[in-house]
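Student: query-v3.pdb (PDB, C-alpha atoms, pLDDT in the B column) pasted underneath:
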ATOM      1  CA  MET A  70     109.234 100.992  73.055  1.00 48.00           C
ATOM      2  CA  ASN A  71     108.710 101.019  76.827  1.00 55.00           C
ATOM      3  CA  LYS A  72     111.703  98.729  77.288  1.00 63.00           C
ATOM      4  CA  LYS A  73     113.893 101.045  75.235  1.00 61.00           C
ATOM      5  CA  ILE A  74     112.811 104.051  77.311  1.00 62.00           C
ATOM      6  CA  SER A  75     113.516 102.161  80.541  1.00 62.00           C
ATOM      7  CA  VAL A  76     116.965 101.178  79.302  1.00 61.00           C
ATOM      8  CA  LEU A  77     117.754 104.752  78.259  1.00 63.00           C
ATOM      9  CA  LEU A  78     116.632 106.121  81.632  1.00 61.00           C
ATOM     10  CA  GLY A  79     118.697 103.503  83.415  1.00 65.00           C
ATOM     11  CA  ILE A  80     121.778 104.389  81.362  1.00 67.00           C
ATOM     12  CA  LEU A  81     121.156 108.092  82.025  1.00 61.00           C
ATOM     13  CA  PHE A  82     120.957 107.731  85.802  1.00 61.00           C
ATOM     14  CA  PHE A  83     123.903 105.331  85.867  1.00 62.00           C
ATOM     15  CA  SER A  84     125.971 107.844  83.887  1.00 62.00           C
ATOM     16  CA  ILE A  85     125.014 110.593  86.320  1.00 60.00           C
ATOM     17  CA  PHE A  86     126.100 108.411  89.229  1.00 59.00           C
ATOM     18  CA  LEU A  87     129.442 107.768  87.551  1.00 60.00           C
ATOM     19  CA  LEU A  88     129.997 111.451  86.855  1.00 58.00           C
ATOM     20  CA  ASN A  89     129.255 112.349  90.447  1.00 57.00           C
ATOM     21  CA  PHE A  90     131.510 109.594  91.738  1.00 55.00           C
ATOM     22  CA  VAL A  91     134.357 110.777  89.528  1.00 55.00           C
ATOM     23  CA  SER A  92     133.893 114.387  90.606  1.00 56.00           C
ATOM     24  CA  ALA A  93     133.759 113.324  94.251  1.00 53.00           C
ATOM     25  CA  TYR A  94     136.902 111.260  93.741  1.00 53.00           C
ATOM     26  CA  TYR A  95     138.944 114.181  92.467  1.00 52.00           C
ATOM     27  CA  GLY A  96     137.508 116.684  94.936  1.00 52.00           C
ATOM     28  CA  GLY A  97     137.243 114.572  98.061  1.00 49.00           C
ATOM     29  CA  TYR A  98     140.765 113.545  99.124  1.00 47.00           C
ATOM     30  CA  GLY A  99     140.977 110.689  96.644  1.00 43.00           C
ATOM     31  CA  LEU A 100     137.943 108.810  98.022  1.00 44.00           C
ATOM     32  CA  ILE A 101     134.581 108.203  96.374  1.00 49.00           C
ATOM     33  CA  ASP A 102     131.907 109.868  98.509  1.00 60.00           C
ATOM     34  CA  LEU A 103     128.863 107.711  97.825  1.00 63.00           C
ATOM     35  CA  ARG A 104     126.568 109.822  99.984  1.00 68.00           C
ATOM     36  CA  GLN A 105     127.588 113.043  98.247  1.00 71.00           C
ATOM     37  CA  GLY A 106     127.096 111.465  94.833  1.00 66.00           C
ATOM     38  CA  SER A 107     123.640 110.182  95.753  1.00 71.00           C
ATOM     39  CA  GLU A 108     122.602 113.547  97.161  1.00 73.00           C
ATOM     40  CA  GLN A 109     123.739 115.290  93.989  1.00 74.00           C
ATOM     41  CA  VAL A 110     121.763 112.879  91.800  1.00 73.00           C
ATOM     42  CA  ILE A 111     118.643 113.335  93.942  1.00 72.00           C
ATOM     43  CA  GLN A 112     119.009 117.114  93.908  1.00 75.00           C
ATOM     44  CA  TRP A 113     119.486 117.092  90.152  1.00 78.00           C
ATOM     45  CA  ALA A 114     116.319 115.017  89.689  1.00 74.00           C
ATOM     46  CA  VAL A 115     114.338 117.335  91.988  1.00 72.00           C
ATOM     47  CA  ASP A 116     115.592 120.488  90.276  1.00 75.00           C
ATOM     48  CA  PHE A 117     114.732 119.030  86.875  1.00 77.00           C
ATOM     49  CA  ALA A 118     111.262 117.681  87.675  1.00 74.00           C
ATOM     50  CA  GLU A 119     109.948 120.215  90.196  1.00 75.00           C
ATOM     51  CA  PRO A 120     109.070 123.070  87.773  1.00 76.00           C
ATOM     52  CA  PHE A 121     107.090 120.701  85.507  1.00 76.00           C
ATOM     53  CA  LEU A 122     105.264 119.118  88.444  1.00 76.00           C
ATOM     54  CA  GLN A 123     104.489 122.522  89.938  1.00 77.00           C
ATOM     55  CA  VAL A 124     102.810 123.643  86.725  1.00 74.00           C
ATOM     56  CA  LEU A 125     100.865 120.374  86.419  1.00 77.00           C
ATOM     57  CA  LEU A 126      99.994 119.670  90.049  1.00 79.00           C
ATOM     58  CA  GLY A 127     100.945 122.733  92.088  1.00 72.00           C
ATOM     59  CA  GLY A 128      97.549 124.346  92.220  1.00 56.00           C
ATOM     60  CA  GLU A 129      96.154 127.663  91.123  1.00 51.00           C
ATOM     61  CA  TYR A 130      99.236 129.732  91.979  1.00 51.00           C
ATOM     62  CA  TYR A 131     101.846 127.076  91.131  1.00 50.00           C
ATOM     63  CA  THR A 132     103.164 127.192  94.674  1.00 55.00           C
ATOM     64  CA  GLY A 133     104.075 123.524  94.703  1.00 58.00           C
ATOM     65  CA  TYR A 134     103.120 122.947  98.356  1.00 64.00           C
ATOM     66  CA  LEU A 135     103.030 119.254  99.258  1.00 76.00           C
ATOM     67  CA  LEU A 136     104.132 118.536  95.712  1.00 80.00           C
ATOM     68  CA  PHE A 137     105.273 114.973  96.325  1.00 82.00           C
ATOM     69  CA  GLU A 138     101.994 114.150  98.081  1.00 83.00           C
ATOM     70  CA  ARG A 139     100.064 115.615  95.139  1.00 85.00           C
ATOM     71  CA  LEU A 140     102.046 113.415  92.757  1.00 85.00           C
ATOM     72  CA  LEU A 141     101.215 110.290  94.772  1.00 87.00           C
ATOM     73  CA  LEU A 142      97.509 111.159  94.837  1.00 88.00           C
ATOM     74  CA  PHE A 143      97.611 111.765  91.079  1.00 88.00           C
ATOM     75  CA  LEU A 144      99.136 108.318  90.505  1.00 89.00           C
ATOM     76  CA  ILE A 145      96.500 106.682  92.719  1.00 90.00           C
ATOM     77  CA  LEU A 146      93.633 108.418  90.927  1.00 90.00           C
ATOM     78  CA  ALA A 147      95.076 107.711  87.485  1.00 89.00           C
ATOM     79  CA  SER A 148      95.453 104.007  88.306  1.00 90.00           C
ATOM     80  CA  ILE A 149      91.870 103.718  89.582  1.00 89.00           C
ATOM     81  CA  ILE A 150      90.431 105.581  86.596  1.00 87.00           C
ATOM     82  CA  TYR A 151      92.441 103.483  84.145  1.00 87.00           C
ATOM     83  CA  LEU A 152      91.282 100.219  85.712  1.00 85.00           C
ATOM     84  CA  SER A 153      87.688 101.473  85.735  1.00 83.00           C
ATOM     85  CA  LEU A 154      87.645 102.525  82.083  1.00 81.00           C
ATOM     86  CA  LYS A 155      89.769  99.907  80.328  1.00 80.00           C
ATOM     87  CA  ASN A 156      87.006  97.278  80.447  1.00 76.00           C
ATOM     88  CA  MET A 157      84.403  99.624  78.989  1.00 74.00           C
ATOM     89  CA  GLY A 158      83.670  98.698  75.400  1.00 68.00           C
ATOM     90  CA  LEU A 159      83.928 102.040  73.611  1.00 68.00           C
ATOM     91  CA  LEU A 160      86.571 103.703  75.776  1.00 66.00           C
ATOM     92  CA  GLY A 161      88.595 100.575  76.507  1.00 62.00           C
ATOM     93  CA  SER A 162      89.098  99.813  72.826  1.00 70.00           C
ATOM     94  CA  ASN A 163      90.346 103.331  72.057  1.00 74.00           C
ATOM     95  CA  LYS A 164      93.715 103.610  73.789  1.00 79.00           C
ATOM     96  CA  GLY A 165      94.202 107.274  72.931  1.00 81.00           C
ATOM     97  CA  VAL A 166      90.916 108.384  74.469  1.00 81.00           C
ATOM     98  CA  LEU A 167      91.467 106.044  77.406  1.00 83.00           C
ATOM     99  CA  TRP A 168      94.822 107.613  78.285  1.00 86.00           C
ATOM    100  CA  ILE A 169      93.557 111.177  77.751  1.00 85.00           C
ATOM    101  CA  ILE A 170      90.734 110.636  80.249  1.00 86.00           C
ATOM    102  CA  THR A 171      93.015 108.706  82.616  1.00 86.00           C
ATOM    103  CA  LEU A 172      95.472 111.600  82.780  1.00 87.00           C
ATOM    104  CA  ALA A 173      93.115 114.574  82.399  1.00 88.00           C
ATOM    105  CA  VAL A 174      90.611 113.726  85.135  1.00 86.00           C
ATOM    106  CA  PRO A 175      93.113 113.384  88.021  1.00 87.00           C
ATOM    107  CA  LEU A 176      95.081 116.386  86.742  1.00 86.00           C
ATOM    108  CA  ILE A 177      91.970 118.569  86.916  1.00 85.00           C
ATOM    109  CA  GLY A 178      91.159 117.278  90.365  1.00 84.00           C
ATOM    110  CA  ILE A 179      94.642 117.548  91.880  1.00 84.00           C
ATOM    111  CA  ARG A 180      95.640 120.818  90.201  1.00 81.00           C
ATOM    112  CA  PHE A 181      92.952 122.879  91.914  1.00 80.00           C
ATOM    113  CA  LEU A 182      92.899 121.006  95.211  1.00 79.00           C
ATOM    114  CA  ASP A 183      93.444 123.617  97.938  1.00 78.00           C
ATOM    115  CA  PHE A 184      95.482 123.062 101.071  1.00 78.00           C
ATOM    116  CA  ASP A 185      92.534 122.375 103.400  1.00 82.00           C
ATOM    117  CA  TRP A 186      91.120 119.590 101.220  1.00 85.00           C
ATOM    118  CA  LEU A 187      94.559 118.165 100.538  1.00 83.00           C
ATOM    119  CA  ASN A 188      95.366 118.095 104.243  1.00 84.00           C
ATOM    120  CA  THR A 189      92.004 116.407 104.972  1.00 87.00           C
ATOM    121  CA  ILE A 190      92.769 113.649 102.465  1.00 87.00           C
ATOM    122  CA  LEU A 191      96.300 113.133 103.776  1.00 86.00           C
ATOM    123  CA  ILE A 192      95.053 112.850 107.365  1.00 88.00           C
ATOM    124  CA  GLN A 193      92.881 109.914 106.311  1.00 89.00           C
ATOM    125  CA  TYR A 194      95.898 108.102 104.847  1.00 88.00           C
ATOM    126  CA  LYS A 195      97.817 108.889 108.044  1.00 87.00           C
ATOM    127  CA  ILE A 196      95.034 107.324 110.124  1.00 87.00           C
ATOM    128  CA  LEU A 197      94.970 104.290 107.839  1.00 88.00           C
ATOM    129  CA  ALA A 198      98.734 103.808 108.202  1.00 88.00           C
ATOM    130  CA  ILE A 199      98.550 104.171 111.992  1.00 86.00           C
ATOM    131  CA  ALA A 200      95.634 101.735 112.282  1.00 85.00           C
ATOM    132  CA  LEU A 201      97.231  99.072 110.090  1.00 88.00           C
ATOM    133  CA  THR A 202     100.683  99.240 111.643  1.00 88.00           C
ATOM    134  CA  ALA A 203      99.295  99.451 115.193  1.00 85.00           C
ATOM    135  CA  ALA A 204      97.036  96.411 114.662  1.00 88.00           C
ATOM    136  CA  LEU A 205      99.721  94.289 112.996  1.00 90.00           C
ATOM    137  CA  PRO A 206     101.553  93.228 116.220  1.00 90.00           C
ATOM    138  CA  PHE A 207      98.213  92.222 117.762  1.00 91.00           C
ATOM    139  CA  VAL A 208      97.238  90.142 114.704  1.00 90.00           C
ATOM    140  CA  ILE A 209     100.648  88.427 114.599  1.00 92.00           C
ATOM    141  CA  TYR A 210     100.421  87.600 118.314  1.00 91.00           C
ATOM    142  CA  PHE A 211      96.889  86.248 117.910  1.00 90.00           C
ATOM    143  CA  PHE A 212      97.895  83.791 115.182  1.00 89.00           C
ATOM    144  CA  PHE A 213     101.040  82.913 117.146  1.00 90.00           C
ATOM    145  CA  LEU A 214      98.995  81.843 120.187  1.00 88.00           C
ATOM    146  CA  HIS A 215      96.440  79.881 118.179  1.00 83.00           C
ATOM    147  CA  GLY A 216      99.159  78.342 116.019  1.00 81.00           C
ATOM    148  CA  VAL A 217     101.468  77.237 118.832  1.00 83.00           C
ATOM    149  CA  PHE A 218      98.746  76.366 121.385  1.00 81.00           C
ATOM    150  CA  PRO A 219      95.689  75.388 119.299  1.00 75.00           C
ATOM    151  CA  GLU A 220      94.370  72.983 121.971  1.00 73.00           C
ATOM    152  CA  ASN A 221      95.894  74.487 125.121  1.00 78.00           C
ATOM    153  CA  ALA A 222      93.483  77.140 126.394  1.00 81.00           C
ATOM    154  CA  THR A 223      95.517  77.705 129.563  1.00 86.00           C
ATOM    155  CA  MET A 224      98.669  78.689 127.669  1.00 88.00           C
ATOM    156  CA  ARG A 225      96.675  80.984 125.380  1.00 88.00           C
ATOM    157  CA  LYS A 226      95.127  82.759 128.364  1.00 90.00           C
ATOM    158  CA  ILE A 227      98.518  83.141 130.021  1.00 91.00           C
ATOM    159  CA  GLY A 228      99.789  84.559 126.742  1.00 91.00           C
ATOM    160  CA  TRP A 229      96.945  87.111 126.594  1.00 92.00           C
ATOM    161  CA  ILE A 230      97.543  88.121 130.236  1.00 92.00           C
ATOM    162  CA  PHE A 231     101.248  88.615 129.527  1.00 92.00           C
ATOM    163  CA  PHE A 232     100.468  90.597 126.369  1.00 92.00           C
ATOM    164  CA  GLY A 233      97.905  92.762 128.166  1.00 91.00           C
ATOM    165  CA  CYS A 234     100.281  93.531 131.069  1.00 92.00           C
ATOM    166  CA  ILE A 235     102.933  94.765 128.646  1.00 90.00           C
ATOM    167  CA  TYR A 236     100.502  97.117 126.902  1.00 89.00           C
ATOM    168  CA  LEU A 237      99.069  98.260 130.220  1.00 88.00           C
ATOM    169  CA  GLY A 238     102.560  99.312 131.279  1.00 88.00           C
ATOM    170  CA  LEU A 239     103.116 101.091 127.961  1.00 86.00           C
ATOM    171  CA  TRP A 240      99.751 102.835 128.300  1.00 85.00           C
ATOM    172  CA  ILE A 241     100.566 104.126 131.788  1.00 86.00           C
ATOM    173  CA  THR A 242     104.092 105.330 131.007  1.00 85.00           C
ATOM    174  CA  GLU A 243     103.721 106.622 127.428  1.00 77.00           C
ATOM    175  CA  GLU A 244     104.057 110.344 126.723  1.00 74.00           C
ATOM    176  CA  PRO A 245     102.363 112.260 125.120  1.00 73.00           C
ATOM    177  CA  PRO A 246      98.889 110.970 126.086  1.00 72.00           C
ATOM    178  CA  GLU A 247      97.542 110.922 122.514  1.00 71.00           C
ATOM    179  CA  HIS A 248     100.129 108.299 121.567  1.00 75.00           C
ATOM    180  CA  ALA A 249      99.067 106.170 124.541  1.00 81.00           C
ATOM    181  CA  VAL A 250      95.624 105.700 122.985  1.00 84.00           C
ATOM    182  CA  ILE A 251      97.048 102.930 120.771  1.00 86.00           C
ATOM    183  CA  TYR A 252      98.328 101.054 123.832  1.00 88.00           C
ATOM    184  CA  GLU A 253      95.027 101.596 125.635  1.00 86.00           C
ATOM    185  CA  TRP A 254      92.932 100.071 122.841  1.00 89.00           C
ATOM    186  CA  THR A 255      95.379  97.199 122.372  1.00 89.00           C
ATOM    187  CA  PHE A 256      95.217  96.452 126.103  1.00 90.00           C
ATOM    188  CA  LEU A 257      91.406  96.448 126.013  1.00 92.00           C
ATOM    189  CA  ALA A 258      91.426  94.198 122.936  1.00 91.00           C
ATOM    190  CA  SER A 259      93.704  91.726 124.710  1.00 91.00           C
ATOM    191  CA  LEU A 260      91.217  91.596 127.620  1.00 92.00           C
ATOM    192  CA  ILE A 261      88.346  90.917 125.211  1.00 92.00           C
ATOM    193  CA  PHE A 262      90.258  88.115 123.502  1.00 90.00           C
ATOM    194  CA  LEU A 263      91.207  86.698 126.920  1.00 89.00           C
ATOM    195  CA  PHE A 264      87.577  86.376 128.008  1.00 90.00           C
ATOM    196  CA  LEU A 265      86.384  85.178 124.588  1.00 88.00           C
ATOM    197  CA  ASP A 266      89.226  82.713 124.067  1.00 86.00           C
ATOM    198  CA  GLY A 267      86.979  79.635 124.275  1.00 81.00           C
ATOM    199  CA  THR A 268      84.437  81.043 121.817  1.00 83.00           C
ATOM    200  CA  ILE A 269      87.160  82.066 119.372  1.00 83.00           C
ATOM    201  CA  SER A 270      88.867  78.658 119.639  1.00 78.00           C
ATOM    202  CA  ARG A 271      85.601  76.809 118.939  1.00 74.00           C
ATOM    203  CA  TYR A 272      84.894  79.048 115.964  1.00 75.00           C
ATOM    204  CA  MET A 273      88.344  78.437 114.483  1.00 74.00           C
ATOM    205  CA  LEU A 274      87.909  74.683 115.016  1.00 68.00           C
ATOM    206  CA  HIS A 275      84.550  74.839 113.251  1.00 69.00           C
ATOM    207  CA  GLN A 276      86.176  76.643 110.320  1.00 68.00           C
ATOM    208  CA  ARG A 277      88.887  73.967 110.074  1.00 66.00           C
ATOM    209  CA  ILE A 278      86.249  71.231 110.137  1.00 62.00           C
ATOM    210  CA  LYS A 279      84.236  73.023 107.468  1.00 64.00           C
ATOM    211  CA  ALA A 280      87.326  73.417 105.287  1.00 61.00           C
ATOM    212  CA  ALA A 281      87.937  69.663 105.596  1.00 56.00           C
ATOM    213  CA  GLY A 282      84.463  68.948 104.203  1.00 56.00           C
ATOM    214  CA  ALA A 283      82.883  67.680 107.442  1.00 54.00           C
ATOM    215  CA  THR A 284      79.783  69.019 109.188  1.00 52.00           C
ATOM    216  CA  SER A 285      80.717  68.289 112.801  1.00 59.00           C
ATOM    217  CA  LEU A 286      83.646  67.426 115.027  1.00 61.00           C
ATOM    218  CA  TRP A 287      82.739  63.730 115.071  1.00 59.00           C
ATOM    219  CA  GLY A 288      82.292  63.778 111.302  1.00 64.00           C
ATOM    220  CA  HIS A 289      85.788  65.178 110.899  1.00 63.00           C
ATOM    221  CA  ILE A 290      87.183  62.550 113.283  1.00 66.00           C
ATOM    222  CA  ASN A 291      85.453  59.757 111.356  1.00 68.00           C
ATOM    223  CA  LYS A 292      86.940  61.004 108.081  1.00 71.00           C
ATOM    224  CA  LEU A 293      90.431  61.028 109.551  1.00 70.00           C
ATOM    225  CA  GLU A 294      89.938  57.547 111.021  1.00 71.00           C
ATOM    226  CA  GLU A 295      88.882  56.319 107.598  1.00 70.00           C
ATOM    227  CA  GLN A 296      91.937  57.912 106.001  1.00 71.00           C
ATOM    228  CA  LYS A 297      94.144  56.216 108.598  1.00 72.00           C
ATOM    229  CA  ARG A 298      92.594  52.807 107.825  1.00 72.00           C
ATOM    230  CA  ASN A 299      93.047  53.355 104.095  1.00 70.00           C
ATOM    231  CA  PHE A 300      96.744  54.108 104.598  1.00 68.00           C
ATOM    232  CA  SER A 301      97.091  51.027 106.822  1.00 71.00           C
ATOM    233  CA  TYR A 302      95.813  48.724 104.055  1.00 65.00           C
ATOM    234  CA  SER A 303      97.570  50.519 101.183  1.00 69.00           C
ATOM    235  CA  ASN A 304     100.578  49.224  99.239  1.00 70.00           C
ATOM    236  CA  MET A 305     102.610  52.316 100.055  1.00 70.00           C
ATOM    237  CA  PRO A 306     106.194  51.679 101.210  1.00 72.00           C
ATOM    238  CA  GLU A 307     106.395  51.243 104.955  1.00 69.00           C
ATOM    239  CA  PRO A 308     108.369  54.428 105.847  1.00 72.00           C
ATOM    240  CA  GLN A 309     105.975  56.686 103.907  1.00 71.00           C
ATOM    241  CA  LYS A 310     102.953  54.790 105.248  1.00 68.00           C
ATOM    242  CA  SER A 311     104.090  55.175 108.849  1.00 74.00           C
ATOM    243  CA  GLN A 312     104.754  58.870 108.316  1.00 75.00           C
ATOM    244  CA  GLN A 313     101.275  59.525 106.899  1.00 73.00           C
ATOM    245  CA  ILE A 314      99.595  57.518 109.654  1.00 71.00           C
ATOM    246  CA  LYS A 315     101.531  59.455 112.280  1.00 74.00           C
ATOM    247  CA  ILE A 316     100.419  62.794 110.765  1.00 76.00           C
ATOM    248  CA  ILE A 317      96.783  61.691 110.818  1.00 71.00           C
ATOM    249  CA  GLN A 318      97.083  60.314 114.348  1.00 72.00           C
ATOM    250  CA  ASP A 319      98.489  63.639 115.583  1.00 72.00           C
ATOM    251  CA  LYS A 320      95.471  65.416 114.102  1.00 69.00           C
ATOM    252  CA  LEU A 321      93.143  62.892 115.743  1.00 68.00           C
ATOM    253  CA  ASP A 322      94.776  63.335 119.132  1.00 67.00           C
ATOM    254  CA  LYS A 323      94.243  67.077 118.939  1.00 66.00           C
ATOM    255  CA  LEU A 324      90.605  66.650 117.885  1.00 64.00           C
ATOM    256  CA  TYR A 325      89.839  64.154 120.645  1.00 61.00           C
ATOM    257  CA  LYS A 326      91.016  66.751 123.159  1.00 62.00           C
ATOM    258  CA  GLN A 327      88.375  69.137 121.767  1.00 59.00           C
ATOM    259  CA  LEU A 328      85.535  66.746 122.546  1.00 55.00           C
ATOM    260  CA  PRO A 329      83.300  67.811 125.457  1.00 51.00           C
TER     261      PRO A 329
END
Once more with this new file: its structure as structure tokens, please.

Tutor:
Amino acid sequence: MNKKISVLLGILFFSIFLLNFVSAYYGGYGLIDLRQGSEQVIQWAVDFAEPFLQVLLGGEYYTGYLLFERLLLFLILASIIYLSLKNMGLLGSNKGVLWIITLAVPLIGIRFLDFDWLNTILIQYKILAIALTAALPFVIYFFFLHGVFPENATMRKIGWIFFGCIYLGLWITEEPPEHAVIYEWTFLASLIFLFLDGTISRYMLHQRIKAAGATSLWGHINKLEEQKRNFSYSNMPEPQKSQQIKIIQDKLDKLYKQLP
């Protein structure tokens, strides 16, 4: 049934696109105006859905302020409530009751949510988006340094100094000042990671050793040496054997550099 509805909706929207393209063709100097057709379809969808959404989600006076944001919050709440209730024995087995509660609870909550509370909730999502997107370049750069220079502390420190200088310049020159806060904190974080580079590197090495099943650096080296000997005495074809031994030897060379 859901597939049939999806197909019908797809055919409906495709037909609307075609109608708009044809109308644009005959009214637009013989050329199909794709932008005009898309805008007409979007406006038609908004005009059709907005009155229903205003009654359902628009609040006490059906004003429809921040209607799209209300719809998104409704979908989030409905998804969480559905996932929470579907595994409950009595409610989860009764699909009708499950869907009634899933839809009714967020509708009651969103419908009478005033502007102040709605704005408070949206600010939190705004902060979350800013924090995640602002931290992403720093995280990517961190894994870049430790991936490209896992054993070269000097290159990592040079990389952190270079990174910090860039953000220091952005912090000093950015306007308005409230936007510069992101550059300020990123610059300070780069300084912290510069001074703690050795500690962070040793921790990451310890995690790699632990993942390999060893309890110490020498234990990990001994395991790799044993694997190398096993490949040396195996009946594996020579090209594949040499390749595997080379991979293990590269790992050993890097680990030997980590020894005090």

Student: Between atom CA of Gln296 of chain A and atom CA of Met273 of chain A, measure the distance and give it in Å to one decimal.

Tutor: 22.5 Å

Student: What is the distance, in Å and to one decimal place, between atom CA of His248 of chain A and atom CA of Ile192 of chain A?

Tutor: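 It comes out at 15.8 Å.
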
Student: For atom CA of Phe256 of chain A and atom CA of Phe232 of chain A, quote the distance in Å rounded to one decimal.

Tutor: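 Between atom CA of Phe256 of chain A and atom CA of Phe232 of chain A the gap works out to 7.9 Å.
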
Student: Could you expand the PyMOL selection byres ((chain A and resi 252) around 9) into the explicit residues it covers here, written as a PyMOL selection string?

Tutor: chain A and resi 203+236-241+243+248-251+253-257

Student: Applying 9 Å and all atoms listed in the file, which residues near Leu126 of chain A remain after dropping the ones on its own chain fewer than 5 positions away? List them as a ChimeraX atom specification.

Tutor: /A:121,131,133,136,139-140,143,176-177,179-182

Student: Just the residues within 10 Å of Val174 of chain A, please, counting all atoms listed in the file, with nothing from its chain fewer than 4 positions along; format it as a ChimeraX atom specification.

Tutor: /A:143,146-147,150,169-170,178-179

Student: Kindly reconstruct segment 135-156 of chain A with N, CA and C atoms and present the result as a PDB file, in the frame of the given file.

Tutor:
ATOM      1  N   LEU A 135     103.312 120.683  99.181  1.00 76.00           N
ATOM      2  CA  LEU A 135     103.030 119.254  99.258  1.00 76.00           C
ATOM      3  C   LEU A 135     103.055 118.623  97.867  1.00 76.00           C
ATOM      4  N   LEU A 136     104.084 118.961  97.105  1.00 80.00           N
ATOM      5  CA  LEU A 136     104.132 118.536  95.712  1.00 80.00           C
ATOM      6  C   LEU A 136     104.254 117.020  95.581  1.00 80.00           C
ATOM      7  N   PHE A 137     105.096 116.418  96.411  1.00 82.00           N
ATOM      8  CA  PHE A 137     105.273 114.973  96.325  1.00 82.00           C
ATOM      9  C   PHE A 137     103.980 114.250  96.688  1.00 82.00           C
ATOM     10  N   GLU A 138     103.267 114.752  97.706  1.00 83.00           N
ATOM     11  CA  GLU A 138     101.994 114.150  98.081  1.00 83.00           C
ATOM     12  C   GLU A 138     100.969 114.286  96.965  1.00 83.00           C
ATOM     13  N   ARG A 139     100.958 115.426  96.281  1.00 85.00           N
ATOM     14  CA  ARG A 139     100.064 115.615  95.139  1.00 85.00           C
ATOM     15  C   ARG A 139     100.374 114.603  94.031  1.00 85.00           C
ATOM     16  N   LEU A 140     101.655 114.373  93.792  1.00 85.00           N
ATOM     17  CA  LEU A 140     102.046 113.415  92.757  1.00 85.00           C
ATOM     18  C   LEU A 140     101.553 112.011  93.102  1.00 85.00           C
ATOM     19  N   LEU A 141     101.685 111.615  94.363  1.00 87.00           N
ATOM     20  CA  LEU A 141     101.215 110.290  94.772  1.00 87.00           C
ATOM     21  C   LEU A 141      99.709 110.158  94.609  1.00 87.00           C
ATOM     22  N   LEU A 142      98.956 111.202  95.007  1.00 88.00           N
ATOM     23  CA  LEU A 142      97.509 111.159  94.837  1.00 88.00           C
ATOM     24  C   LEU A 142      97.121 111.104  93.362  1.00 88.00           C
ATOM     25  N   PHE A 143      97.861 111.820  92.526  1.00 88.00           N
ATOM     26  CA  PHE A 143      97.611 111.765  91.079  1.00 88.00           C
ATOM     27  C   PHE A 143      97.805 110.356  90.549  1.00 88.00           C
ATOM     28  N   LEU A 144      98.880 109.681  90.973  1.00 89.00           N
ATOM     29  CA  LEU A 144      99.136 108.318  90.505  1.00 89.00           C
ATOM     30  C   LEU A 144      98.049 107.356  90.977  1.00 89.00           C
ATOM     31  N   ILE A 145      97.574 107.541  92.210  1.00 90.00           N
ATOM     32  CA  ILE A 145      96.500 106.682  92.719  1.00 90.00           C
ATOM     33  C   ILE A 145      95.230 106.878  91.907  1.00 90.00           C
ATOM     34  N   LEU A 146      94.848 108.135  91.695  1.00 90.00           N
ATOM     35  CA  LEU A 146      93.633 108.418  90.927  1.00 90.00           C
ATOM     36  C   LEU A 146      93.744 107.919  89.493  1.00 90.00           C
ATOM     37  N   ALA A 147      94.895 108.150  88.865  1.00 89.00           N
ATOM     38  CA  ALA A 147      95.076 107.711  87.485  1.00 89.00           C
ATOM     39  C   ALA A 147      94.973 106.191  87.382  1.00 89.00           C
ATOM     40  N   SER A 148      95.525 105.470  88.333  1.00 90.00           N
ATOM     41  CA  SER A 148      95.453 104.007  88.306  1.00 90.00           C
ATOM     42  C   SER A 148      94.018 103.529  88.443  1.00 90.00           C
ATOM     43  N   ILE A 149      93.264 104.133  89.373  1.00 89.00           N
ATOM     44  CA  ILE A 149      91.870 103.718  89.582  1.00 89.00           C
ATOM     45  C   ILE A 149      91.028 104.023  88.355  1.00 89.00           C
ATOM     46  N   ILE A 150      91.212 105.203  87.776  1.00 87.00           N
ATOM     47  CA  ILE A 150      90.431 105.581  86.596  1.00 87.00           C
ATOM     48  C   ILE A 150      90.770 104.685  85.416  1.00 87.00           C
ATOM     49  N   TYR A 151      92.045 104.359  85.244  1.00 87.00           N
ATOM     50  CA  TYR A 151      92.441 103.483  84.145  1.00 87.00           C
ATOM     51  C   TYR A 151      91.807 102.102  84.290  1.00 87.00           C
ATOM     52  N   LEU A 152      91.870 101.538  85.495  1.00 85.00           N
ATOM     53  CA  LEU A 152      91.282 100.219  85.712  1.00 85.00           C
ATOM     54  C   LEU A 152      89.768 100.239  85.532  1.00 85.00           C
ATOM     55  N   SER A 153      89.144 101.368  85.869  1.00 83.00           N
ATOM     56  CA  SER A 153      87.688 101.473  85.735  1.00 83.00           C
ATOM     57  C   SER A 153      87.251 101.588  84.284  1.00 83.00           C
ATOM     58  N   LEU A 154      88.054 102.240  83.451  1.00 81.00           N
ATOM     59  CA  LEU A 154      87.645 102.525  82.083  1.00 81.00           C
ATOM     60  C   LEU A 154      88.120 101.505  81.056  1.00 81.00           C
ATOM     61  N   LYS A 155      89.180 100.755  81.361  1.00 80.00           N
ATOM     62  CA  LYS A 155      89.769  99.907  80.328  1.00 80.00           C
ATOM     63  C   LYS A 155      88.854  98.757  79.912  1.00 80.00           C
ATOM     64  N   ASN A 156      87.920  98.367  80.786  1.00 76.00           N
ATOM     65  CA  ASN A 156      87.006  97.278  80.447  1.00 76.00           C
ATOM     66  C   ASN A 156      85.708  97.769  79.810  1.00 76.00           C
TER      67      ASN A 156
END
